[in-house]
Amino acid sequence: MKDYGAHLVVDALLDAMVNMDERRKAIFVAFHDMIPGTTYVKPGEPWSPELRRAFARTMEEIKVIIDERRVGPRPDFISDLINARDAGDKLNDRELFDQIFGICGASLSATSRAAGGALYLLHTHDDQRHQLMGDPLLIPDAIEECLRLGSNGYFTFPRIARRDTEVGGTRILKGMVVRPSPLAPNYDPDVFPDPLRFDVHRKPKRILSFGAGPHHCVGNILGRTTITIAVTRLLARFPKAHISDPKFTPLYGGAVGELRLQSLPMRIH
Ligand code: HEM
């Protein structure tokens with residue numbers, strides 16, 4: 001996870017989306033590593049000094065990026081958002097900052113943890129991985145199956161119930177905080193027969209790993225594409241890669257609601 005998820009995926013995303021240099025990437029990656037800490041702070045408690053420092057540095061850098069783009073626009077989403085702010089006054093400064101911050105943060109953590117989940121599944125199912133190496137055209141559908149089973153967090157962001165209701169026998173009262181799971185429906189046996197079975201030929205449709213409705217992940221195509229390219233290259237370049245410890249047991253951590261594989265020790269030869 002340190003050598004692959006945290007570098008390859010993160011570097012590729014920050015390069016591709018915002019064309020960041022090494023110094024800037026280091027600032028964003030440092031904040032990305034601290035994000036889980038934000039979810040452990042209890043209501044009313046202050047953030048730790050390290051968390052505040054990392055947040056402040058990222059905020060400063062985003063302000064500089066916004067100023068740079070105003071002088072020299074580029075064909076990227078930041079320039080588009082700034083245009084929306086400046087031309088039609090559709091976003092205020094705070095919203096502009098939050099959009100850039102949210103998109104960079106969301107892309108980094110979700111994609112690297114989904115890539116880790118995909119590698120773990122592929123490297124614990126040798127026969128299926130070999131089929132992909134023999135026919136790389138199968139890889140995009142195989143990544144969809146990886147995303148179904150083990151990629152993303154087990155909670156979405158919180159919602160507040162607008163009326164009393166009942167879901168699957170659980171009463172929910174108006175005003176309650178609700179965190180639906182995007183992962184649970186992916187294991188629904190009525191939709192995905194024998195749901196625990198990993199099958200690169202399954203071609204799962206309607207997985208909920210990217211949420212649903214108005215907040216459906218804006219980066220779903222970028223996330224899927226990044227992982228597909230990263231896995232395709234890795235399988236081609238290191239066909240003998242394997243999990244180094246046959247008794248390896250996955251350990252998950254990260255922010256509350258996240259499935260972030262803590263490590264995946266691999267040998268590449
Ligand atoms: C495989 C990788 C990814 C996974 C599994 C993933 C998963 C998700 C999920 C489940 C949600 C919905 C959360 C909710 O409903 O509360 C979401 C929202 C979001 N994602 Fe992703 N994501 C991925 C990649 C990305 C990328 C690459 C970007 C940025 C380019 C991104 C940006 C966002 C943003 C900004 C939202 C919030 C959308 C909104 O609230 O309207 N994600 N993502």
# chains A, B, ... in the order shown; residues from 1 in each chain; ligands from 1
>>> residues_around(residues="range 20-24 of chain A", least_positions_apart="5", cutoff="8 Å", atoms="only C-alpha atoms", output="PyMOL selection string")
chain A and resi 14-15+61
>>> write_last_selection(atoms="N, CA and C atoms", output="short mmCIF file (atom, residue, chain, number, x, y, z; two decimals), in the first residue's frame")
data_model
loop_
_atom_site.label_atom_id
_atom_site.label_comp_id
_atom_site.auth_asym_id
_atom_site.auth_seq_id
_atom_site.Cartn_x
_atom_site.Cartn_y
_atom_site.Cartn_z
N LEU A 14 -3.03 13.23 -9.11
CA LEU A 14 -2.69 14.65 -8.93
C LEU A 14 -2.03 15.21 -10.19
N ASP A 15 -1.25 14.38 -10.86
CA ASP A 15 -0.65 14.81 -12.14
C ASP A 15 -1.73 15.03 -13.18
N GLU A 61 -1.96 26.24 -0.05
CA GLU A 61 -1.54 25.82 -1.39
C GLU A 61 -2.70 25.93 -2.37
#
>>> closest_atom_pairs(of="chain A", to="ligand 1", cutoff="9 Å", atoms="only C-alpha atoms and all ligand atoms", output="CSV")
residue,atom,partner,partner_atom_place_in_ligand_line,distance
A:Leu13,CA,ligand 1,27 (C),7.2
A:Met17,CA,ligand 1,30 (C),7.5
A:Gln99,CA,ligand 1,35 (C),7.2
A:Ile100,CA,ligand 1,35 (C),8.6
A:Phe101,CA,ligand 1,35 (C),8.9
A:Gly102,CA,ligand 1,35 (C),5.5
A:Ile103,CA,ligand 1,35 (C),4.3
A:Cys104,CA,ligand 1,29 (C),6.2
A:Gly105,CA,ligand 1,32 (C),7.7
A:Ala106,CA,ligand 1,32 (C),4.7
A:Ser107,CA,ligand 1,26 (C),3.5
A:Leu108,CA,ligand 1,27 (C),6.8
A:Ser109,CA,ligand 1,24 (C),8.0
A:Ala110,CA,ligand 1,3 (C),4.5
A:Thr111,CA,ligand 1,2 (C),3.8
A:Ser112,CA,ligand 1,2 (C),7.4
A:Arg113,CA,ligand 1,2 (C),7.8
A:Ala114,CA,ligand 1,1 (C),5.1
A:Ala115,CA,ligand 1,1 (C),7.2
A:Leu147,CA,ligand 1,5 (C),6.9
A:Ser151,CA,ligand 1,5 (C),6.1
A:Asn152,CA,ligand 1,5 (C),4.5
A:Gly153,CA,ligand 1,10 (C),6.9
A:Tyr154,CA,ligand 1,10 (C),8.5
A:Phe155,CA,ligand 1,16 (O),7.5
A:Thr156,CA,ligand 1,16 (O),3.7
A:Phe157,CA,ligand 1,16 (O),3.7
A:Pro158,CA,ligand 1,16 (O),6.5
A:Arg159,CA,ligand 1,16 (O),7.8
A:Arg179,CA,ligand 1,16 (O),7.8
A:Pro180,CA,ligand 1,16 (O),8.1
A:Ser181,CA,ligand 1,10 (C),8.4
A:Pro182,CA,ligand 1,10 (C),5.9
A:Leu183,CA,ligand 1,10 (C),8.5
A:Leu208,CA,ligand 1,10 (C),7.1
A:Ser209,CA,ligand 1,10 (C),5.2
A:Phe210,CA,ligand 1,10 (C),3.8
A:Gly211,CA,ligand 1,10 (C),4.2
A:Ala212,CA,ligand 1,15 (O),6.4
A:Gly213,CA,ligand 1,15 (O),7.8
A:Pro214,CA,ligand 1,41 (O),6.2
A:His215,CA,ligand 1,41 (O),3.6
A:His216,CA,ligand 1,12 (C),5.3
A:Cys217,CA,ligand 1,18 (C),3.6
A:Val218,CA,ligand 1,33 (C),5.1
A:Gly219,CA,ligand 1,28 (C),3.5
A:Asn220,CA,ligand 1,24 (C),5.2
A:Ile221,CA,ligand 1,27 (C),7.5
A:Leu222,CA,ligand 1,27 (C),5.0
A:Gly223,CA,ligand 1,2 (C),4.1
A:Arg224,CA,ligand 1,1 (C),5.5
A:Thr225,CA,ligand 1,1 (C),8.6
A:Thr226,CA,ligand 1,27 (C),7.9
A:Ile227,CA,ligand 1,1 (C),7.1
>>> residues_around(residues="range 119-129 of chain A", least_positions_apart="3", cutoff="9 Å", atoms="only C-alpha atoms", output="compact mmCIF listing (two decimals) with C-alpha atoms, in the first residue's frame")
# COMPACT_ATOMS: atom_id res chain seq x y z
CA ALA A 114 -9.98 0.59 -3.98
CA ALA A 115 -6.73 -0.26 -5.80
CA GLY A 116 -5.47 -2.03 -2.67
CA LEU A 132 -6.51 -11.77 -16.94
CA MET A 133 -2.82 -11.94 -17.79
CA GLY A 134 -3.68 -14.21 -20.73
CA ALA A 142 -12.67 -7.87 -13.45
CA CYS A 146 -13.20 -6.14 -7.42
CA LEU A 149 -16.57 -6.99 -3.32
CA GLY A 150 -13.85 -5.17 -1.57
CA PHE A 198 -15.13 -13.64 -6.60
CA ASP A 199 -15.63 -14.19 -10.31
CA VAL A 200 -13.86 -12.07 -12.93
CA VAL A 231 -3.60 -3.13 -12.54
CA LEU A 235 0.21 -7.57 -14.16
CA ALA A 241 4.33 -10.81 -8.20
CA HIS A 242 2.79 -12.57 -5.22
CA ILE A 243 1.83 -11.92 -1.61
CA PRO A 250 -5.61 -8.41 5.84
CA LEU A 261 -6.08 -2.09 3.70
CA LEU A 264 -0.18 -5.79 1.38
>>> select_by_dssp(residues="range 46-251 of chain A", states="helix (DSSP H, G or I)", output="PyMOL selection string")
chain A and resi 49-71+77-88+93-122+126-134+136-150+184-187+213-215+220-237
>>> closest_residue(among="A:Leu81, A:Ala230, A:Leu138, A:Ala161", to="Asp98 in chain A", atoms="only C-alpha atoms")
A:Leu81
>>> select_by_dssp(residues="range 126-258 of chain A", states="strand (DSSP E)", output="PyMOL selection string")
chain A and resi 159-160+165-167+170-172+177-178+242-243+252-253
>>> write_last_selection(atoms="C-alpha atoms", output="tab-separated table (two decimals), in the first residue's frame")
chain	number	residue	atom	x	y	z
A	159	ARG	CA	-27.51	12.00	5.78
A	160	ILE	CA	-30.28	13.36	8.02
A	165	THR	CA	-39.58	5.84	7.86
A	166	GLU	CA	-38.59	2.19	8.00
A	167	VAL	CA	-35.87	0.39	6.03
A	170	THR	CA	-35.32	-0.78	11.12
A	171	ARG	CA	-37.27	2.31	12.22
A	172	ILE	CA	-35.69	5.63	11.31
A	177	VAL	CA	-28.29	10.67	11.25
A	178	VAL	CA	-28.25	7.85	8.66
A	242	HIS	CA	2.79	-12.57	-5.22
A	243	ILE	CA	1.83	-11.92	-1.61
A	252	TYR	CA	-8.20	-2.74	7.67
A	253	GLY	CA	-8.13	0.75	9.15
>>> closest_residue(among="A:Ala30, A:Leu259, A:Val71, A:Val64", to="Leu51 in chain A", atoms="only C-alpha atoms")
A:Ala30
>>> closest_residue(among="A:Pro46, A:Gly254, A:Pro195, A:Gly5", to="Glu145 in chain A", atoms="only C-alpha atoms")
A:Pro195
>>> residues_around(residues="Phe97 in chain A", least_positions_apart="6", cutoff="10 Å", atoms="only C-alpha atoms", output="ChimeraX atom specification")
/A:59,62-63,66,78,81-82,91
>>> atom_distance(atom1="CA of Val18 in chain A", atom2="CA of Ala236 in chain A")
27.7 Å
>>> residues_around(residues="Asn83 in chain A", least_positions_apart="4", cutoff="12 Å", atoms="only C-alpha atoms", output="list in words")
Ile66, Arg69, Arg70, Val71, Gly72, Pro73, Arg74, Pro75, Asp76, Phe77, Ile78, Ser79, Ala87, Gly88, Asp89, Lys90, Leu91, Asn92, Asp93 and Leu96 of chain A
